[in-house]
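Participant: Can you keep this structure in mind? I'll have questions shortly.
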Amino acid sequence: MIDLTGVTHHRALSEMVDVLCAKTQNNDRGFFQVEVAYFLSKMASSQRATIITRDRGEIPVNCYALALATSGFGKGHSISICEEEFMKGFKSRFMEDTMPTLAEENLWVIANERAARNGGDQQKEFDKAEREYNSAGAFPFTFDSGTSPAVKQLRQKLLLANAGSINLQIDEIGLNLVGNVEVLTLFLELYDQGRVKQKLIKNTADNQRGEELDGKTPTNMLLFGTPSKLLDGGQTEDQFYSFLDTGYARRCLFGWGHISKKAHETQTPAEIFANLTTSSNQAVIQKWNAHFHQLADPAGFDWKMTVEDDVAIRLLEYKIACERAADHLPEHEEIRKAELSHRYFKALKLAGAYAFVDASAEVEMDHLMSAILLVEESGSSFQSILNREPAYAKLARYIAEVPHEVTHADLLEALPFYKAGNAARNELMTLATAWGYKKHIIIQKSFVDGIEFFNGEK
């Protein structure tokens with residue numbers, strides 16, 4: 001792979017993660033880095049930041065992220081800090097000032113084009129476009145669930161405004177994945193260029209189809225939750241791996257958080273309180289909140305960032321290195337091959353977000369190398385997700401650790417992945433027995449009045 005010696009993370013990402021680590025009393029940075037990368041990309045997408053390349057044309061900046069961590073890690077707390085402290089200035093200015101201004105300007109552009117084409121009155125065309133814009137409802141800066149028609153309606157509103165981005169943010173993804181299959185399937189299509197085909201509906205007097213607008217709507221997505229709920233060995237895990245295989249492996253940045261030591265194990269309560277309330281944390285928050293407020297200025301809309309030849313060549317070197325590494329993987333490792341061979345594209349989009357935060361008209365070498373560093377760390381987290389313990393191994397460990405005999409009913413109640421069907425659970429038990437034998441776990445079976453009892457020993 002590419003040499004990353006001496007490469008550091010982008011200053012904004014690094015300082016924001018430092019604050020999140022201090023506020024949550026958790027020094028594992030993998031989860032927080034992916035989370036912050038999403039928020040930086042979200043700002044760039046809202047202002048329609050675009051990367052101009054000589055080989056691929058115009059590429060919108062956006063980010064898909066999946067971040068997993070155990071309960072108590074500080075997932076929800078860190079998201080709240082990003083939204084309510086770091087991003088507060090950007091969101092308020094963009095929603096209250098920038099978005100309405102840009103929307104009105106573009107509605108007049110549309111009205112003038114339609115009036116010139118149809119030979120009509122500009123004011124009437126503007127009123128018609130404005131009604132269509134308002135009928136789509138209020139613009140949600142972020143939403144946590146939805147349907148495909150609703151997302152397409154939101155996309156039509158953003159095309160009329162020619163500003164803003166579609167931002168999906170789902171907490172407890174393990175519990176909510178199956179319920180959001182429809183919208184997540186649509187997001188597969190929206191990632192690269194923010195384009196999707198409209199659904200053909202019957203046109204009636206009460207429900208008339210609007211005029212189709214051509215354009216891009218950048219799309220961002222953050223999925224986060226606990227790995228035990230997502231990788232449950234059952235329907236949710238099957239659906240998750242289906243999504244990875246379909247295309248989310250190559251689209252997402254991945255974060256995997258671990259709690260190595262809790263704060264009270266190495267610090268006194270006074271030291272913990274001092275770290276939580278230190279003035280340096282608030283100074284960093286105020287600094288970046290003010291900077292992000294400036295980025296929401298209408299003058300920063302449609303920010304164009306060029307990629308010079310030396311940066312493009314370095315990106316191409318990284319792409320070739322990734323594809324060569326993917327070629328050495330076995331054919332059955334399709335998900336790993338897809339994630340590895342497309343890391344370069346995620347790195348380019350993230351480098352664009354870094355350039356936007358720096359208000360740079362170029363994607364510089366430092367932006368690209370910092371993005372590659374994060375993408376490589378994301379790849380390591382992705383391997384942790386793929387190397388999860390299979391359901392039969394979890395079953396063998398559970399039977400060995402429980403201090404008493406268990407029946408099928410006990411297992412069905414305690415383990416979400418344990419199947420109710422006789423054939424499926426017998427197969428799972430056979431696999432658990434075989435796996436446990438190699439791991440020095442002996443699973444014994446006995447019958448009392450026709451009821452099966454299982455007992456395990458390490």
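Note on naming: chains are A, B, ... as they come in the structure tokens, residues start from 1 per chain, ligands start from 1 in the order shown.
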When you look at A:Gly257 with a cut-off of 9 Å (counting only C-alpha atoms), what residues show up, excluding the ones that are within fewer than 5 positions of it in the same chain? I need them as a PyMOL selection string.
Facilitator: chain A and resi 28-32+67-70+73+381
Participant: Generate the output file for the selected residues, N, CA, C and O atoms, as a PDB file, in the first residue's frame.
Facilitator:
```pdb
ATOM      1  N   ASP A  28     -10.411   5.865  22.767  1.00  0.00           N
ATOM      2  CA  ASP A  28     -10.442   5.148  21.489  1.00  0.00           C
ATOM      3  C   ASP A  28     -10.990   6.095  20.422  1.00  0.00           C
ATOM      4  O   ASP A  28     -12.148   6.505  20.474  1.00  0.00           O
ATOM      5  N   ARG A  29     -10.167   6.432  19.427  1.00  0.00           N
ATOM      6  CA  ARG A  29     -10.503   7.494  18.487  1.00  0.00           C
ATOM      7  C   ARG A  29     -11.196   6.984  17.213  1.00  0.00           C
ATOM      8  O   ARG A  29     -11.713   7.791  16.430  1.00  0.00           O
ATOM      9  N   GLY A  30     -11.197   5.685  16.971  1.00  0.00           N
ATOM     10  CA  GLY A  30     -11.701   5.156  15.710  1.00  0.00           C
ATOM     11  C   GLY A  30     -13.143   5.522  15.426  1.00  0.00           C
ATOM     12  O   GLY A  30     -13.490   5.946  14.321  1.00  0.00           O
ATOM     13  N   PHE A  31     -14.005   5.390  16.419  1.00  0.00           N
ATOM     14  CA  PHE A  31     -15.423   5.722  16.261  1.00  0.00           C
ATOM     15  C   PHE A  31     -15.596   7.217  16.007  1.00  0.00           C
ATOM     16  O   PHE A  31     -16.311   7.632  15.093  1.00  0.00           O
ATOM     17  N   PHE A  32     -14.933   8.036  16.822  1.00  0.00           N
ATOM     18  CA  PHE A  32     -15.116   9.479  16.744  1.00  0.00           C
ATOM     19  C   PHE A  32     -14.593  10.062  15.436  1.00  0.00           C
ATOM     20  O   PHE A  32     -15.159  11.024  14.901  1.00  0.00           O
ATOM     21  N   ALA A  67     -20.552   3.514  12.143  1.00  0.00           N
ATOM     22  CA  ALA A  67     -19.726   3.517  13.342  1.00  0.00           C
ATOM     23  C   ALA A  67     -20.391   2.666  14.420  1.00  0.00           C
ATOM     24  O   ALA A  67     -21.549   2.900  14.776  1.00  0.00           O
ATOM     25  N   LEU A  68     -19.653   1.692  14.925  1.00  0.00           N
ATOM     26  CA  LEU A  68     -20.174   0.773  15.930  1.00  0.00           C
ATOM     27  C   LEU A  68     -19.318   0.846  17.184  1.00  0.00           C
ATOM     28  O   LEU A  68     -18.100   0.996  17.110  1.00  0.00           O
ATOM     29  N   ALA A  69     -19.956   0.742  18.329  1.00  0.00           N
ATOM     30  CA  ALA A  69     -19.246   0.714  19.604  1.00  0.00           C
ATOM     31  C   ALA A  69     -20.175   0.118  20.656  1.00  0.00           C
ATOM     32  O   ALA A  69     -21.395   0.171  20.536  1.00  0.00           O
ATOM     33  N   THR A  70     -19.572  -0.434  21.686  1.00  0.00           N
ATOM     34  CA  THR A  70     -20.344  -1.080  22.733  1.00  0.00           C
ATOM     35  C   THR A  70     -21.128  -0.044  23.539  1.00  0.00           C
ATOM     36  O   THR A  70     -20.839   1.152  23.515  1.00  0.00           O
ATOM     37  N   PHE A  73     -20.096   3.594  25.453  1.00  0.00           N
ATOM     38  CA  PHE A  73     -18.923   4.169  24.792  1.00  0.00           C
ATOM     39  C   PHE A  73     -19.031   5.691  24.697  1.00  0.00           C
ATOM     40  O   PHE A  73     -18.018   6.392  24.672  1.00  0.00           O
ATOM     41  N   SER A 381     -11.025  -1.118  10.661  1.00  0.00           N
ATOM     42  CA  SER A 381     -12.273  -1.308  11.399  1.00  0.00           C
ATOM     43  C   SER A 381     -13.227  -2.222  10.635  1.00  0.00           C
ATOM     44  O   SER A 381     -13.945  -3.029  11.229  1.00  0.00           O
TER      45      SER A 381
END
```
Participant: Near A:Pro390, within 10 Å and counting only C-alpha atoms, which residues show up once chain neighbours fewer than 4 positions away are dropped, as number ranges by chain?
Facilitator: A: 231-233, 394-395, 432
Participant: Since we have the selection now, will you write its residues out, keeping N, CA and C atoms, as a short mmCIF file (atom, residue, chain, number, x, y, z; two decimals), in the first residue's frame?
Facilitator:
```cif
data_model
loop_
_atom_site.label_atom_id
_atom_site.label_comp_id
_atom_site.auth_asym_id
_atom_site.auth_seq_id
_atom_site.Cartn_x
_atom_site.Cartn_y
_atom_site.Cartn_z
N LEU A 231 -24.87 -7.25 14.57
CA LEU A 231 -24.31 -8.56 14.24
C LEU A 231 -24.89 -9.58 15.20
N ASP A 232 -26.20 -9.80 15.08
CA ASP A 232 -26.92 -10.64 16.04
C ASP A 232 -27.02 -12.09 15.61
N GLY A 233 -26.46 -12.42 14.45
CA GLY A 233 -26.54 -13.79 13.96
C GLY A 233 -27.89 -14.15 13.36
N LYS A 394 -20.86 -18.24 19.23
CA LYS A 394 -21.54 -17.58 20.34
C LYS A 394 -22.37 -18.57 21.13
N LEU A 395 -23.03 -19.49 20.42
CA LEU A 395 -23.85 -20.49 21.09
C LEU A 395 -22.99 -21.40 21.96
N ALA A 432 -22.01 -25.78 16.61
CA ALA A 432 -21.46 -25.30 17.88
C ALA A 432 -20.68 -26.40 18.59
#
```
Participant: Measure the distance from atom CA of A:Tyr437 to atom CA of A:Glu457 in Å and round it to one decimal.
Facilitator: 10.3 Å
Participant: Sorted by chain and rising residue number, which residues of stretch 271-306 of chain A lie within 6 Å of stretch 88-92 of chain A, and what are their closest atom pairs and distances in Å to one decimal, counting only C-alpha atoms, as JSON lines?
Facilitator:
```
{"residue": "A:Asn289", "atom": "CA", "partner": "A:Gly89", "partner_atom": "CA", "distance": 5.6}
{"residue": "A:Phe292", "atom": "CA", "partner": "A:Phe90", "partner_atom": "CA", "distance": 5.2}
{"residue": "A:His293", "atom": "CA", "partner": "A:Phe90", "partner_atom": "CA", "distance": 4.3}
{"residue": "A:Ala296", "atom": "CA", "partner": "A:Phe90", "partner_atom": "CA", "distance": 5.4}
```
Participant: So how far away is atom CA of A:Pro149 from atom CA of A:Gly247, in Å?
Facilitator: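 Interatomic distance here is 21.3 Å.
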Participant: Return as a tab-separated table the residues of stretch 29-97 of chain A lying at most 12 Å from stretch 220-228 of chain A, together with the closest atom-to-atom pair for each and the distance in Å to one decimal, counting only C-alpha atoms, with rows in chain order and ascending residue number.
Facilitator:
```
residue	atom	partner	partner_atom	distance
A:Phe31	CA	A:Phe224	CA	9.2
A:Phe32	CA	A:Phe224	CA	10.9
A:Val34	CA	A:Leu222	CA	9.1
A:Glu35	CA	A:Leu222	CA	7.5
A:Val36	CA	A:Leu222	CA	10.3
A:Ala37	CA	A:Leu222	CA	10.1
A:Tyr38	CA	A:Leu222	CA	6.9
A:Phe39	CA	A:Asn220	CA	9.0
A:Leu40	CA	A:Asn220	CA	10.5
A:Ser41	CA	A:Asn220	CA	7.6
A:Lys42	CA	A:Asn220	CA	6.3
A:Met43	CA	A:Asn220	CA	10.0
A:Ala44	CA	A:Asn220	CA	10.4
A:Ser45	CA	A:Asn220	CA	7.9
A:Ser46	CA	A:Asn220	CA	9.7
A:Pro60	CA	A:Asn220	CA	11.0
A:Val61	CA	A:Asn220	CA	9.1
A:Asn62	CA	A:Asn220	CA	5.5
A:Cys63	CA	A:Asn220	CA	5.1
A:Tyr64	CA	A:Met221	CA	4.6
A:Ala65	CA	A:Leu222	CA	4.8
A:Leu66	CA	A:Leu223	CA	4.7
A:Ala67	CA	A:Phe224	CA	4.7
A:Leu68	CA	A:Gly225	CA	5.2
A:Ala69	CA	A:Thr226	CA	5.1
A:Thr70	CA	A:Thr226	CA	5.1
A:Ser71	CA	A:Thr226	CA	6.3
A:Gly72	CA	A:Thr226	CA	9.6
A:Phe73	CA	A:Thr226	CA	9.4
A:Gly74	CA	A:Gly225	CA	10.5
A:Lys75	CA	A:Gly225	CA	7.5
A:Gly76	CA	A:Gly225	CA	9.0
A:Ser78	CA	A:Phe224	CA	11.4
A:Ile79	CA	A:Phe224	CA	9.9
```
Participant: Excluding A:Trp108 and any residue of its chain fewer than 2 positions from it, enumerate the residues within 9 Å of it, using only C-alpha atoms, and give them as JSON, numbers by chain.
Facilitator: {"A": [103, 104, 105, 106, 110, 111, 112, 113, 122, 123, 125, 126, 129]}
Participant: Out of A:Leu158, A:Glu427, A:Ala312, A:Phe453, which residue has the shortest atom-to-atom distance to A:Glu362 when counting only C-alpha atoms?
Facilitator: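 Going through A:Leu158, A:Glu427, A:Ala312, A:Phe453 one by one, the smallest distance to A:Glu362 is for A:Ala312.
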Participant: May I have all residues of stretch 146-270 of chain A that DSSP, computed from the backbone, assigns to helix (DSSP H, G or I), given as a VMD selection string?
Facilitator: chain A and resid 148 to 161 173 to 176 178 to 190 227 to 230 235 to 251 263 to 266 269 to 270
Participant: By how many Å are atom CA of A:Glu333 and atom CA of A:Leu373 apart?
Facilitator: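 Between these atoms lies a distance of 23.3 Å.
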Participant: Quick one: everything within 10 Å of stretch 235-240 of chain A, counting only C-alpha atoms, minus sequence neighbours fewer than 5 positions away in the same chain. Send it as a list in words.
Facilitator: Ile173, Gly174, Leu175, Asn176, Leu177, Val178, Gly179, Val181, Pro227, Ser228, Lys229, Leu230, Asp245, Thr246, Tyr248, Pro416 and Phe417 of chain A
Participant: Given only C-alpha atoms as the basis, pick out the residue of A:Glu83, A:Glu189, A:Glu132, A:Asp18 nearest to A:Ser148.
Facilitator: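 Comparing A:Glu83, A:Glu189, A:Glu132, A:Asp18 against A:Ser148, the winner is A:Glu189.
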Participant: Please provide the set of residues having any atom within 7 Å of A:Tyr354, restricted to only C-alpha atoms, with same-chain residues fewer than 4 positions apart removed, written as a PyMOL selection string.
Facilitator: chain A and resi 350+358+367
Participant: For the strand (DSSP E or B) assignment from backbone DSSP, which residues of stretch 86-271 of chain A qualify? Please present them as a list of chain:residue names.
Facilitator: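 The residues of stretch 86-271 of chain A classed as strand (DSSP E or B) are A:Phe143, A:Ile166, A:Asn167, A:Leu168, A:Gln169, A:Ile170, A:Thr219, A:Asn220, A:Met221, A:Leu222, A:Leu223, A:Phe224, A:Gly225, A:Cys252, A:Leu253, A:Phe254, A:Gly255, A:Trp256, A:Gly257.
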Participant: Would you kindly return, as a list in words, each protein, DNA or RNA residue with an atom no farther than 10 Å from any atom of A:Gly215, considering only C-alpha atoms and excluding same-chain residues fewer than 4 positions away?
Facilitator: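 Final neighbour list, sorted by chain and number: Arg155, Gln156, Leu158, Leu159, Leu160, Asn162, Gln193, Gly194, Arg195 and Val196 of chain A.
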Participant: Could you turn the residues from that selection into a file that holds C-alpha atoms, as a tab-separated table (two decimals), in the first residue's frame?
Facilitator:
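The resulting selection_24.tsv:
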```
chain	number	residue	atom	x	y	z
A	155	ARG	CA	-34.74	15.69	-3.51
A	156	GLN	CA	-37.18	17.58	-5.79
A	158	LEU	CA	-33.47	20.57	-3.14
A	159	LEU	CA	-33.33	20.63	-6.93
A	160	LEU	CA	-35.71	23.59	-6.92
A	162	ASN	CA	-30.24	24.12	-5.90
A	193	GLN	CA	-23.32	11.65	-8.00
A	194	GLY	CA	-26.53	12.33	-6.07
A	195	ARG	CA	-28.73	11.25	-8.96
A	196	VAL	CA	-31.72	8.91	-9.00
```
Participant: Contacts of A:Thr306 at 9 Å or less, counting only C-alpha atoms, minus same-chain residues fewer than 3 places along, as JSON, numbers by chain?
Facilitator: {"A": [50, 51, 52, 53, 54, 361, 362, 363, 364]}
Participant: Using only C-alpha atoms, find the one residue out of A:Ala338, A:Leu190, A:Ser280, A:Gly234 that sits nearest to A:Ala424.
Facilitator: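 Using only C-alpha atoms, the shortest distance to A:Ala424 belongs to A:Gly234.
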Participant: Can you work out which one of A:Lys319, A:Lys419, A:His77, A:Arg388 has the shortest atom-to-atom distance to A:Tyr241, counting only C-alpha atoms?
Facilitator: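 When distances to A:Tyr241 are compared using only C-alpha atoms, the smallest one comes from A:Arg388.
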